[in-house]
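Dumped coords-v7.txt below, it's compact mmCIF, C-alpha atoms and all ligand atoms:
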```txt
# COMPACT_ATOMS: atom_id res chain seq x y z
CA MET A 1 -26.04 12.97 23.32
CA PRO A 2 -23.64 10.36 24.74
CA GLU A 3 -24.12 9.29 28.39
CA VAL A 4 -20.37 9.44 29.07
CA HIS A 5 -18.47 11.55 31.58
CA PRO A 6 -14.84 12.59 31.59
CA TYR A 7 -12.62 11.03 34.26
CA GLY A 8 -12.55 12.52 37.73
CA LEU A 9 -15.05 15.39 37.48
CA PRO A 10 -18.29 15.98 39.42
CA ARG A 11 -21.38 14.07 38.23
CA PRO A 12 -24.36 15.86 39.78
CA GLY A 13 -26.94 14.22 37.49
CA ARG A 14 -27.45 17.37 35.41
CA THR A 15 -25.51 19.50 32.95
CA LEU A 16 -22.40 20.95 34.62
CA VAL A 17 -21.85 24.69 34.93
CA MET A 18 -18.37 26.07 34.27
CA GLY A 19 -17.83 29.66 35.44
CA VAL A 20 -15.55 31.94 33.42
CA VAL A 21 -12.61 33.68 35.11
CA ASN A 22 -10.84 35.80 32.51
CA VAL A 23 -7.49 37.18 33.68
CA THR A 24 -7.18 39.42 30.62
CA PRO A 25 -7.25 43.18 30.10
CA ASP A 26 -9.49 42.99 27.03
CA SER A 27 -12.10 40.21 27.25
CA PHE A 28 -15.12 41.37 25.28
CA SER A 29 -17.75 40.05 27.63
CA ASP A 30 -16.70 41.37 31.01
CA GLY A 31 -14.57 44.32 29.93
CA GLY A 32 -11.51 42.89 31.68
CA ARG A 33 -13.29 43.15 35.04
CA SER A 34 -11.20 40.38 36.58
CA PHE A 35 -7.82 41.41 35.17
CA ALA A 36 -5.78 41.84 38.35
CA PRO A 37 -5.01 38.38 39.77
CA GLN A 38 -6.54 39.26 43.15
CA ALA A 39 -9.75 40.48 41.50
CA ALA A 40 -9.81 37.29 39.42
CA VAL A 41 -9.46 35.12 42.53
CA ALA A 42 -12.30 37.03 44.23
CA HIS A 43 -14.42 36.61 41.11
CA GLY A 44 -13.67 32.87 41.00
CA LEU A 45 -14.59 32.48 44.67
CA ALA A 46 -17.87 34.32 44.02
CA LEU A 47 -18.64 31.91 41.15
CA LEU A 48 -17.91 28.97 43.46
CA GLU A 49 -20.27 30.47 46.02
CA GLN A 50 -22.92 30.62 43.29
CA GLY A 51 -22.41 26.88 42.77
CA ALA A 52 -20.05 26.63 39.79
CA ASP A 53 -19.03 22.99 39.26
CA ILE A 54 -15.82 24.06 37.49
CA VAL A 55 -14.03 27.42 37.19
CA ASP A 56 -12.22 28.08 33.92
CA VAL A 57 -9.19 30.36 34.31
CA GLY A 58 -7.82 31.95 31.13
CA GLY A 59 -5.07 34.50 30.50
CA GLU A 60 -5.44 34.99 26.74
CA SER A 61 -8.31 36.90 25.19
CA THR A 62 -9.78 35.09 22.18
CA ARG A 63 -11.93 38.04 21.13
CA PRO A 64 -11.90 38.38 17.29
CA GLY A 65 -8.86 40.47 16.37
CA ALA A 66 -7.13 40.11 19.77
CA ALA A 67 -3.31 40.08 19.97
CA ARG A 68 -1.64 37.22 21.90
CA PRO A 69 0.20 37.72 25.20
CA THR A 70 3.64 36.09 25.52
CA ALA A 71 3.81 32.75 27.35
CA GLU A 72 5.54 34.51 30.27
CA GLU A 73 2.71 37.05 30.52
CA GLU A 74 0.06 34.32 30.29
CA LEU A 75 1.78 32.37 33.09
CA ARG A 76 2.04 35.52 35.21
CA ARG A 77 -1.71 36.05 34.82
CA VAL A 78 -3.07 32.56 35.37
CA LEU A 79 -0.78 30.73 37.81
CA PRO A 80 -1.58 32.69 41.01
CA VAL A 81 -5.29 32.49 40.23
CA VAL A 82 -5.21 28.73 39.52
CA ARG A 83 -3.19 28.13 42.69
CA GLU A 84 -5.53 30.07 44.96
CA LEU A 85 -8.78 28.75 43.53
CA ALA A 86 -7.52 25.15 43.64
CA ALA A 87 -6.41 25.67 47.25
CA ALA A 88 -9.93 26.92 48.02
CA GLY A 89 -11.27 23.57 46.80
CA ALA A 90 -12.40 24.55 43.30
CA VAL A 91 -12.27 22.18 40.35
CA VAL A 92 -10.10 24.41 38.16
CA SER A 93 -9.84 24.21 34.40
CA VAL A 94 -7.12 26.19 32.62
CA ASP A 95 -8.14 27.84 29.34
CA THR A 96 -4.93 27.82 27.30
CA MET A 97 -3.54 26.80 23.91
CA ARG A 98 0.02 26.53 25.27
CA ALA A 99 1.38 23.22 26.60
CA GLU A 100 3.78 25.03 28.93
CA VAL A 101 0.94 27.00 30.52
CA ALA A 102 -1.21 23.86 30.77
CA ALA A 103 1.62 21.89 32.44
CA ARG A 104 2.41 24.65 34.95
CA ALA A 105 -1.30 25.12 35.73
CA LEU A 106 -1.73 21.37 36.33
CA ASP A 107 1.25 21.53 38.72
CA ALA A 108 -0.49 24.46 40.45
CA GLY A 109 -3.65 22.42 41.03
CA ALA A 110 -5.74 22.63 37.83
CA ARG A 111 -7.63 19.41 37.09
CA MET A 112 -8.65 19.98 33.49
CA VAL A 113 -7.37 21.70 30.33
CA ASN A 114 -9.60 23.71 28.01
CA ASP A 115 -7.77 24.18 24.70
CA VAL A 116 -9.71 26.37 22.26
CA SER A 117 -7.32 25.30 19.49
CA GLY A 118 -8.09 21.59 19.92
CA GLY A 119 -4.36 20.87 20.07
CA LEU A 120 -3.57 22.72 16.84
CA ALA A 121 -1.81 25.78 18.26
CA ASP A 122 1.01 23.94 20.06
CA ALA A 123 2.46 20.60 18.92
CA ALA A 124 3.48 19.82 22.50
CA MET A 125 -0.11 19.92 23.80
CA LEU A 126 -1.38 16.45 22.79
CA PRO A 127 1.74 14.62 24.12
CA LEU A 128 1.39 16.58 27.38
CA MET A 129 -2.26 15.60 27.71
CA ALA A 130 -1.38 11.95 26.99
CA ARG A 131 0.98 12.07 29.98
CA ALA A 132 -1.34 14.11 32.24
CA GLN A 133 -4.47 11.95 31.71
CA VAL A 134 -6.89 14.65 32.86
CA PRO A 135 -10.08 15.88 31.12
CA TYR A 136 -9.19 17.80 27.96
CA VAL A 137 -11.56 19.99 25.94
CA LEU A 138 -10.94 19.95 22.19
CA MET A 139 -12.67 22.98 20.70
CA HIS A 140 -13.29 23.54 16.97
CA TRP A 141 -10.73 26.12 15.81
CA ARG A 142 -9.35 27.31 12.50
CA GLY A 143 -6.70 29.84 13.54
CA HIS A 144 -5.69 32.55 15.97
CA SER A 145 -8.11 35.35 16.79
CA ALA A 146 -6.29 38.04 14.81
CA GLY A 147 -7.56 36.71 11.46
CA MET A 148 -10.07 34.01 12.33
CA GLN A 149 -13.26 35.58 10.97
CA ALA A 150 -11.82 35.35 7.43
CA ASP A 151 -11.96 31.55 7.89
CA ALA A 152 -15.71 31.53 8.59
CA VAL A 153 -16.42 29.80 5.26
CA TYR A 154 -18.26 26.46 5.25
CA ARG A 155 -20.11 24.21 2.82
CA ASP A 156 -22.33 22.96 5.63
CA VAL A 157 -21.15 24.39 8.93
CA VAL A 158 -22.30 21.47 11.10
CA THR A 159 -20.92 18.75 8.83
CA ASP A 160 -17.65 20.65 8.42
CA VAL A 161 -17.22 21.40 12.14
CA VAL A 162 -18.05 17.81 13.15
CA GLY A 163 -15.65 16.47 10.48
CA GLU A 164 -12.83 18.75 11.67
CA LEU A 165 -13.51 17.87 15.33
CA ARG A 166 -13.43 14.17 14.44
CA LEU A 167 -9.91 14.65 13.07
CA ARG A 168 -8.87 16.30 16.35
CA VAL A 169 -10.34 13.44 18.39
CA GLU A 170 -8.46 10.95 16.19
CA ALA A 171 -5.20 12.92 16.63
CA ALA A 172 -5.72 13.00 20.40
CA LEU A 173 -6.33 9.25 20.54
CA GLU A 174 -3.30 8.57 18.34
CA ALA A 175 -1.19 10.69 20.71
CA GLY A 176 -2.24 8.35 23.53
CA ILE A 177 -4.88 10.45 25.31
CA PRO A 178 -7.42 8.08 26.90
CA PRO A 179 -10.88 8.41 25.26
CA GLY A 180 -12.39 8.99 28.72
CA CYS A 181 -10.50 12.30 28.98
CA LEU A 182 -11.86 13.85 25.79
CA VAL A 183 -14.59 16.51 25.59
CA VAL A 184 -15.62 18.24 22.33
CA ASP A 185 -16.85 21.80 21.77
CA PRO A 186 -18.22 23.31 18.52
CA GLY A 187 -16.44 26.63 19.27
CA LEU A 188 -19.25 29.15 18.92
CA GLY A 189 -17.93 32.48 17.62
CA PHE A 190 -14.54 31.08 16.58
CA ALA A 191 -14.35 31.48 12.80
CA LYS A 192 -18.17 31.47 12.84
CA GLU A 193 -20.71 34.08 11.73
CA ALA A 194 -23.91 34.46 13.76
CA GLY A 195 -25.85 32.15 11.44
CA HIS A 196 -23.19 29.44 11.81
CA ASN A 197 -23.55 29.57 15.62
CA TRP A 198 -27.34 29.20 15.42
CA GLU A 199 -27.07 26.28 13.02
CA LEU A 200 -24.60 24.52 15.33
CA LEU A 201 -26.91 25.04 18.32
CA ALA A 202 -29.94 23.75 16.43
CA ARG A 203 -28.01 20.63 15.39
CA LEU A 204 -26.02 19.91 18.58
CA ALA A 205 -27.04 16.24 18.38
CA GLU A 206 -24.68 15.90 15.40
CA VAL A 207 -21.80 17.11 17.60
CA GLY A 208 -22.89 14.59 20.25
CA ALA A 209 -22.71 11.86 17.61
CA LEU A 210 -18.91 12.06 17.97
CA GLY A 211 -19.53 9.99 21.11
CA ARG A 212 -17.81 12.39 23.50
CA PRO A 213 -19.31 14.73 26.14
CA VAL A 214 -20.12 18.14 24.63
CA LEU A 215 -19.24 21.53 26.11
CA VAL A 216 -20.93 24.70 24.80
CA GLY A 217 -19.71 28.28 25.28
CA ALA A 218 -22.42 30.70 24.15
CA SER A 219 -22.29 33.05 27.12
CA ARG A 220 -22.73 36.75 26.23
CA LYS A 221 -21.41 36.17 22.69
CA SER A 222 -22.16 38.70 19.98
CA PHE A 223 -24.64 36.47 18.08
CA LEU A 224 -26.91 36.84 21.14
CA GLY A 225 -26.40 40.61 21.11
CA GLN A 226 -27.53 40.65 17.48
CA VAL A 227 -30.79 38.80 18.20
CA LEU A 228 -31.50 41.25 21.03
CA ALA A 229 -30.65 44.36 18.97
CA ASP A 230 -32.61 47.50 19.76
CA PRO A 231 -35.50 47.50 17.24
CA ALA A 232 -35.22 51.27 16.72
CA THR A 233 -31.45 51.73 16.39
CA ARG A 234 -30.50 48.15 15.34
CA ARG A 235 -27.63 48.48 17.82
CA PRO A 236 -26.69 45.08 19.34
CA ARG A 237 -27.44 44.53 23.04
CA PRO A 238 -24.21 45.11 25.06
CA ALA A 239 -22.45 42.02 26.48
CA PRO A 240 -23.27 42.52 30.19
CA SER A 241 -27.03 42.54 29.34
CA ARG A 242 -27.02 39.19 27.53
CA ASP A 243 -27.39 36.89 30.56
CA ALA A 244 -31.10 36.15 30.17
CA ALA A 245 -30.44 35.19 26.55
CA THR A 246 -27.48 33.07 27.67
CA CYS A 247 -29.79 31.38 30.15
CA ALA A 248 -32.27 30.56 27.38
CA VAL A 249 -29.48 28.91 25.39
CA SER A 250 -28.44 27.04 28.55
CA VAL A 251 -31.92 25.56 28.95
CA LEU A 252 -32.16 24.49 25.32
CA ALA A 253 -28.65 23.02 25.28
CA ALA A 254 -29.14 21.21 28.61
CA ALA A 255 -32.42 19.76 27.31
CA GLN A 256 -30.42 18.28 24.44
CA GLY A 257 -28.04 16.56 26.88
CA VAL A 258 -25.02 18.83 26.67
CA TRP A 259 -22.45 17.84 29.34
CA CYS A 260 -21.25 21.31 30.38
CA LEU A 261 -22.01 24.99 29.79
CA ARG A 262 -19.27 27.64 30.03
CA VAL A 263 -20.92 30.84 31.32
CA HIS A 264 -20.17 34.16 33.00
CA ASP A 265 -23.32 34.29 35.16
CA VAL A 266 -23.26 31.00 37.03
CA ALA A 267 -26.32 31.56 39.25
CA SER A 268 -28.85 31.90 36.42
CA THR A 269 -27.49 28.99 34.37
CA LEU A 270 -27.30 26.75 37.45
CA ASP A 271 -30.99 27.42 38.17
CA ALA A 272 -31.75 26.77 34.50
CA VAL A 273 -29.98 23.41 34.36
CA ARG A 274 -31.54 22.27 37.63
CA VAL A 275 -35.02 23.02 36.31
CA THR A 276 -34.20 21.36 32.99
CA ALA A 277 -32.97 18.21 34.77
CA ARG A 278 -36.15 18.03 36.89
CA TRP A 279 -38.33 18.49 33.81
CA GLY A 280 -36.36 15.84 31.92
CA ALA A 281 -36.68 13.34 34.78
CA GLU A 282 -40.45 13.88 34.87
CA ALA A 283 -40.77 13.47 31.11
CA ALA A 284 -38.76 10.22 31.24
CA HIS A 285 -40.89 8.97 34.14
CA SER A 286 -44.15 9.73 32.29
CA ALA A 287 -42.87 8.04 29.14
CA ARG A 288 -42.02 4.89 31.14
CA ALA A 289 -45.42 4.92 32.88
CA GLN A 290 -47.24 5.07 29.54
CA ARG A 291 -45.37 2.08 28.14
N1 LIG B 1 -15.11 30.83 24.37
C1 LIG B 1 -14.23 31.73 24.82
C2 LIG B 1 -13.10 31.33 25.55
N2 LIG B 1 -12.89 30.03 25.84
N3 LIG B 1 -13.55 27.78 25.67
C3 LIG B 1 -14.40 26.85 25.21
N4 LIG B 1 -14.17 25.54 25.46
N5 LIG B 1 -15.50 27.18 24.47
C4 LIG B 1 -15.79 28.48 24.16
O1 LIG B 1 -16.80 28.71 23.48
C5 LIG B 1 -14.91 29.50 24.63
C6 LIG B 1 -13.77 29.10 25.39
C7 LIG B 1 -14.45 33.18 24.51
O2 LIG B 1 -15.37 33.74 25.35
P1 LIG B 1 -15.01 34.78 26.57
O3 LIG B 1 -14.10 35.84 26.02
O4 LIG B 1 -16.31 35.27 26.99
O5 LIG B 1 -14.32 33.98 27.65
```

So that I can check it, write out the structure of this file as structure tokens.
Amino acid sequence: MPEVHPYGLPRPGRTLVMGVVNVTPDSFSDGGRSFAPQAAVAHGLALLEQGADIVDVGGESTRPGAARPTAEEELRRVLPVVRELAAAGAVVSVDTMRAEVAARALDAGARMVNDVSGGLADAAMLPLMARAQVPYVLMHWRGHSAGMQADAVYRDVVTDVVGELRLRVEAALEAGIPPGCLVVDPGLGFAKEAGHNWELLARLAEVGALGRPVLVGASRKSFLGQVLADPATRRPRPAPSRDAATCAVSVLAAAQGVWCLRVHDVASTLDAVRVTARWGAEAAHSARAQR
């Protein structure tokens, strides 16, 4: 994985932990628990207390099949939450595909933009990010949630995802976004079947070969629920009970040098990445001593 860091964000010497604050009525993984702006702010503050390096505030559910809110509704959901969390000292990322929402959130104190469409959903997004010059996550994406699982067709999922992400990085650079702002994300669960997600995780180094910091969002996703299915009923494990599995993915991804993990349960992943960093430092030290 590349040893590069996006401009202006914390560098604690380990993988960063981004806590999820969904301001949506229908997020699959927390059942819309933080929907009311005040509840979302309280949730964000709790994640900060747990040690989140970044809090990611989103007002659009990207659950497969989800309908989109209007831009006005998305703004109504995210702006008060961004404003309050930024005022409380949080490094706030805004999870949006809309340039207007990104711009207003940056004005309200957000310091980073997480665009699950990699700049494909809104033609105004890349020019905005070229002007804003803040960290910008380009996620692999093939279309809006309503029909995205029909696009989960690949020759070789890792080669195809890396190739499509490379095109997004090139488009971002051509638009004038500084390379030091760009982060890439393989987009687990977005136009991906469970097997595709596992293949991407097992071959994360190929995503890192794009030369940009890598963000991974595996937290509580359904491919983990499938692995943990009840052996008797074959029913997948429900989302709120997938945190230990998420933590296992966090360890394995951090050990591969992933820059940031986007998770719901910050405390467990923070412990995991701290242990992984300590282990990695010891392994590097031993390797040097044996030389
Ligand atoms: N996943 C979700 C939402 N935003 N952003 C990035 N960069 N990567 C992801 O994998 C990602 C994301 C969907 O998960 P949620 O509904 O649990 O927030």

Produce a table with one row for each residue of chain A that has an atom at most 7 Å from any atom of ligand LIG 1 (chain B), each row naming the nearest atom pair and its distance in Å at one decimal; use all atoms listed in the file; arrange rows by chain and rising residue number; format as a Markdown table.
```
| residue | atom | partner | partner_atom | distance |
| --- | --- | --- | --- | --- |
| A:Val20 | CA | B:LIG1 | O5 | 6.2 |
| A:Asn22 | CA | B:LIG1 | O5 | 6.2 |
| A:Ser27 | CA | B:LIG1 | O3 | 5.0 |
| A:Phe28 | CA | B:LIG1 | O3 | 5.7 |
| A:Ser29 | CA | B:LIG1 | O4 | 5.0 |
| A:Ser61 | CA | B:LIG1 | O3 | 5.9 |
| A:Thr62 | CA | B:LIG1 | C7 | 5.6 |
| A:Arg63 | CA | B:LIG1 | O3 | 5.8 |
| A:Asp95 | CA | B:LIG1 | N2 | 6.3 |
| A:Asn114 | CA | B:LIG1 | N4 | 5.5 |
| A:Asp115 | CA | B:LIG1 | N4 | 6.6 |
| A:Val116 | CA | B:LIG1 | N3 | 5.3 |
| A:Val137 | CA | B:LIG1 | N4 | 6.2 |
| A:Met139 | CA | B:LIG1 | N4 | 5.6 |
| A:Asp185 | CA | B:LIG1 | N4 | 5.9 |
| A:Gly187 | CA | B:LIG1 | O1 | 4.7 |
| A:Leu188 | CA | B:LIG1 | O1 | 5.2 |
| A:Leu215 | CA | B:LIG1 | N4 | 6.5 |
| A:Val216 | CA | B:LIG1 | O1 | 5.9 |
| A:Gly217 | CA | B:LIG1 | O1 | 3.4 |
| A:Ala218 | CA | B:LIG1 | O1 | 6.0 |
| A:Ser219 | CA | B:LIG1 | O4 | 6.4 |
| A:Arg220 | CA | B:LIG1 | O4 | 6.6 |
| A:Lys221 | CA | B:LIG1 | O4 | 6.7 |
| A:Arg262 | CA | B:LIG1 | N5 | 6.7 |
```

Serialized selection, C-alpha atoms, as a CSV table (one decimal), in the frame of the given file:
```
chain,number,residue,atom,x,y,z
A,20,VAL,CA,-15.6,31.9,33.4
A,22,ASN,CA,-10.8,35.8,32.5
A,27,SER,CA,-12.1,40.2,27.2
A,28,PHE,CA,-15.1,41.4,25.3
A,29,SER,CA,-17.8,40.0,27.6
A,61,SER,CA,-8.3,36.9,25.2
A,62,THR,CA,-9.8,35.1,22.2
A,63,ARG,CA,-11.9,38.0,21.1
A,95,ASP,CA,-8.1,27.8,29.3
A,114,ASN,CA,-9.6,23.7,28.0
A,115,ASP,CA,-7.8,24.2,24.7
A,116,VAL,CA,-9.7,26.4,22.3
A,137,VAL,CA,-11.6,20.0,25.9
A,139,MET,CA,-12.7,23.0,20.7
A,185,ASP,CA,-16.8,21.8,21.8
A,187,GLY,CA,-16.4,26.6,19.3
A,188,LEU,CA,-19.2,29.2,18.9
A,215,LEU,CA,-19.2,21.5,26.1
A,216,VAL,CA,-20.9,24.7,24.8
A,217,GLY,CA,-19.7,28.3,25.3
A,218,ALA,CA,-22.4,30.7,24.2
A,219,SER,CA,-22.3,33.0,27.1
A,220,ARG,CA,-22.7,36.8,26.2
A,221,LYS,CA,-21.4,36.2,22.7
A,262,ARG,CA,-19.3,27.6,30.0
```

Open item on the list: As an exercise, work out the distance from atom CA of A:Gly119 to atom CA of A:Met148 in Å and give it to one decimal place.
Closed with: 16.3 Å

- [ ] Dig up all the protein and nucleic acid residues within 12 Å of (-27.9, 29.1, 16.5) in the file frame, using all atoms listed in the file, and format them as a VMD selection string.
- [x] chain A and resid 157 to 158 186 188 to 189 192 to 204 216 218 221 to 224 226 to 227 246 248 to 249 252 to 253

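Atom CA of A:Asp243 to atom CA of A:Leu228 spans 11.3 Å [interatomic distance, one decimal].
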
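Of note, atom CA of A:Ala272 and atom CA of A:Ile54 are spaced 16.4 Å apart.
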
Open item on the list: Need to verify the contact set: A:Glu170, 12 Å, all atoms listed in the file, exclusion of same-chain residues closer than 4 positions in sequence. Can you return it as JSON, numbers by chain?
Closed with: {"A": [118, 119, 126, 138, 163, 164, 165, 166, 174, 175, 176, 177, 178, 179, 182, 184, 210, 212]}

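Candidate residues A:Gly59, A:Pro12, A:Gly147, A:Gly19 were compared for distance to A:Phe35, and the nearest is A:Gly59, using all atoms listed in the file.
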
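Among the candidates A:Ala255, A:Ala42, A:Val21, A:Val263, the one nearest to A:Ala283 when counting all atoms listed in the file is A:Ala255.
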
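With distances restricted to all atoms listed in the file, A:Asp265 is the closest residue to A:Ala245 from A:Asp265, A:Val101, A:Gln50, A:Trp259.
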
Open item on the list: Residues proximal to (-2.8, 28.1, 22.9) were defined as those with any atom within 7 Å of that point in the file's coordinates, counting all atoms listed in the file. Which are they, as JSON, numbers by chain?
Closed with: {"A": [96, 97, 98, 115, 117, 121, 122]}

Open item on the list: List as a list in words the protein and nucleic acid residues near A:Ala254, meaning an atom at most 10 Å away when all atoms listed in the file are counted, but skip any in the same chain fewer than 3 places from it.
Closed with: Arg14, Thr15, Leu16, Val216, Ala248, Val249, Ser250, Val251, Gly257, Val258, Trp259, Cys260, Leu261, Thr269, Ala272, Val273, Arg274, Val275, Thr276, Ala277 and Gly280 of chain A

Written coordinates, N, CA, C and O atoms of stretch 228-239 of chain A as a PDB file, in the first residue's frame:
```pdb
ATOM      1  N   LEU A 228     -21.739 -15.408   8.531  1.00  0.00           N
ATOM      2  CA  LEU A 228     -22.117 -15.716   9.909  1.00  0.00           C
ATOM      3  C   LEU A 228     -23.526 -16.301   9.998  1.00  0.00           C
ATOM      4  O   LEU A 228     -24.130 -16.315  11.076  1.00  0.00           O
ATOM      5  N   ALA A 229     -24.061 -16.792   8.876  1.00  0.00           N
ATOM      6  CA  ALA A 229     -25.437 -17.303   8.863  1.00  0.00           C
ATOM      7  C   ALA A 229     -25.611 -18.414   9.899  1.00  0.00           C
ATOM      8  O   ALA A 229     -24.687 -19.195  10.153  1.00  0.00           O
ATOM      9  N   ASP A 230     -26.794 -18.463  10.464  1.00  0.00           N
ATOM     10  CA  ASP A 230     -27.129 -19.524  11.419  1.00  0.00           C
ATOM     11  C   ASP A 230     -27.008 -20.879  10.710  1.00  0.00           C
ATOM     12  O   ASP A 230     -27.640 -21.093   9.681  1.00  0.00           O
ATOM     13  N   PRO A 231     -26.185 -21.807  11.247  1.00  0.00           N
ATOM     14  CA  PRO A 231     -25.972 -23.076  10.541  1.00  0.00           C
ATOM     15  C   PRO A 231     -27.261 -23.882  10.385  1.00  0.00           C
ATOM     16  O   PRO A 231     -27.430 -24.608   9.408  1.00  0.00           O
ATOM     17  N   ALA A 232     -28.205 -23.730  11.325  1.00  0.00           N
ATOM     18  CA  ALA A 232     -29.441 -24.519  11.246  1.00  0.00           C
ATOM     19  C   ALA A 232     -30.427 -23.917  10.252  1.00  0.00           C
ATOM     20  O   ALA A 232     -30.942 -24.614   9.373  1.00  0.00           O
ATOM     21  N   THR A 233     -30.654 -22.607  10.345  1.00  0.00           N
ATOM     22  CA  THR A 233     -31.704 -21.989   9.510  1.00  0.00           C
ATOM     23  C   THR A 233     -31.148 -21.389   8.224  1.00  0.00           C
ATOM     24  O   THR A 233     -31.906 -21.054   7.319  1.00  0.00           O
ATOM     25  N   ARG A 234     -29.843 -21.187   8.143  1.00  0.00           N
ATOM     26  CA  ARG A 234     -29.162 -20.511   7.026  1.00  0.00           C
ATOM     27  C   ARG A 234     -29.531 -19.035   6.960  1.00  0.00           C
ATOM     28  O   ARG A 234     -29.228 -18.344   5.985  1.00  0.00           O
ATOM     29  N   ARG A 235     -30.238 -18.537   7.993  1.00  0.00           N
ATOM     30  CA  ARG A 235     -30.597 -17.121   7.994  1.00  0.00           C
ATOM     31  C   ARG A 235     -29.369 -16.269   8.273  1.00  0.00           C
ATOM     32  O   ARG A 235     -28.608 -16.575   9.203  1.00  0.00           O
ATOM     33  N   PRO A 236     -29.127 -15.197   7.480  1.00  0.00           N
ATOM     34  CA  PRO A 236     -27.948 -14.354   7.724  1.00  0.00           C
ATOM     35  C   PRO A 236     -27.996 -13.704   9.093  1.00  0.00           C
ATOM     36  O   PRO A 236     -29.075 -13.430   9.604  1.00  0.00           O
ATOM     37  N   ARG A 237     -26.845 -13.466   9.690  1.00  0.00           N
ATOM     38  CA  ARG A 237     -26.743 -12.750  10.967  1.00  0.00           C
ATOM     39  C   ARG A 237     -27.236 -11.319  10.768  1.00  0.00           C
ATOM     40  O   ARG A 237     -26.804 -10.638   9.823  1.00  0.00           O
ATOM     41  N   PRO A 238     -28.124 -10.797  11.645  1.00  0.00           N
ATOM     42  CA  PRO A 238     -28.615  -9.421  11.476  1.00  0.00           C
ATOM     43  C   PRO A 238     -27.497  -8.385  11.624  1.00  0.00           C
ATOM     44  O   PRO A 238     -26.516  -8.612  12.340  1.00  0.00           O
ATOM     45  N   ALA A 239     -27.693  -7.223  10.961  1.00  0.00           N
ATOM     46  CA  ALA A 239     -26.644  -6.195  10.882  1.00  0.00           C
ATOM     47  C   ALA A 239     -26.073  -5.766  12.239  1.00  0.00           C
ATOM     48  O   ALA A 239     -24.853  -5.648  12.381  1.00  0.00           O
TER      49      ALA A 239
END
```
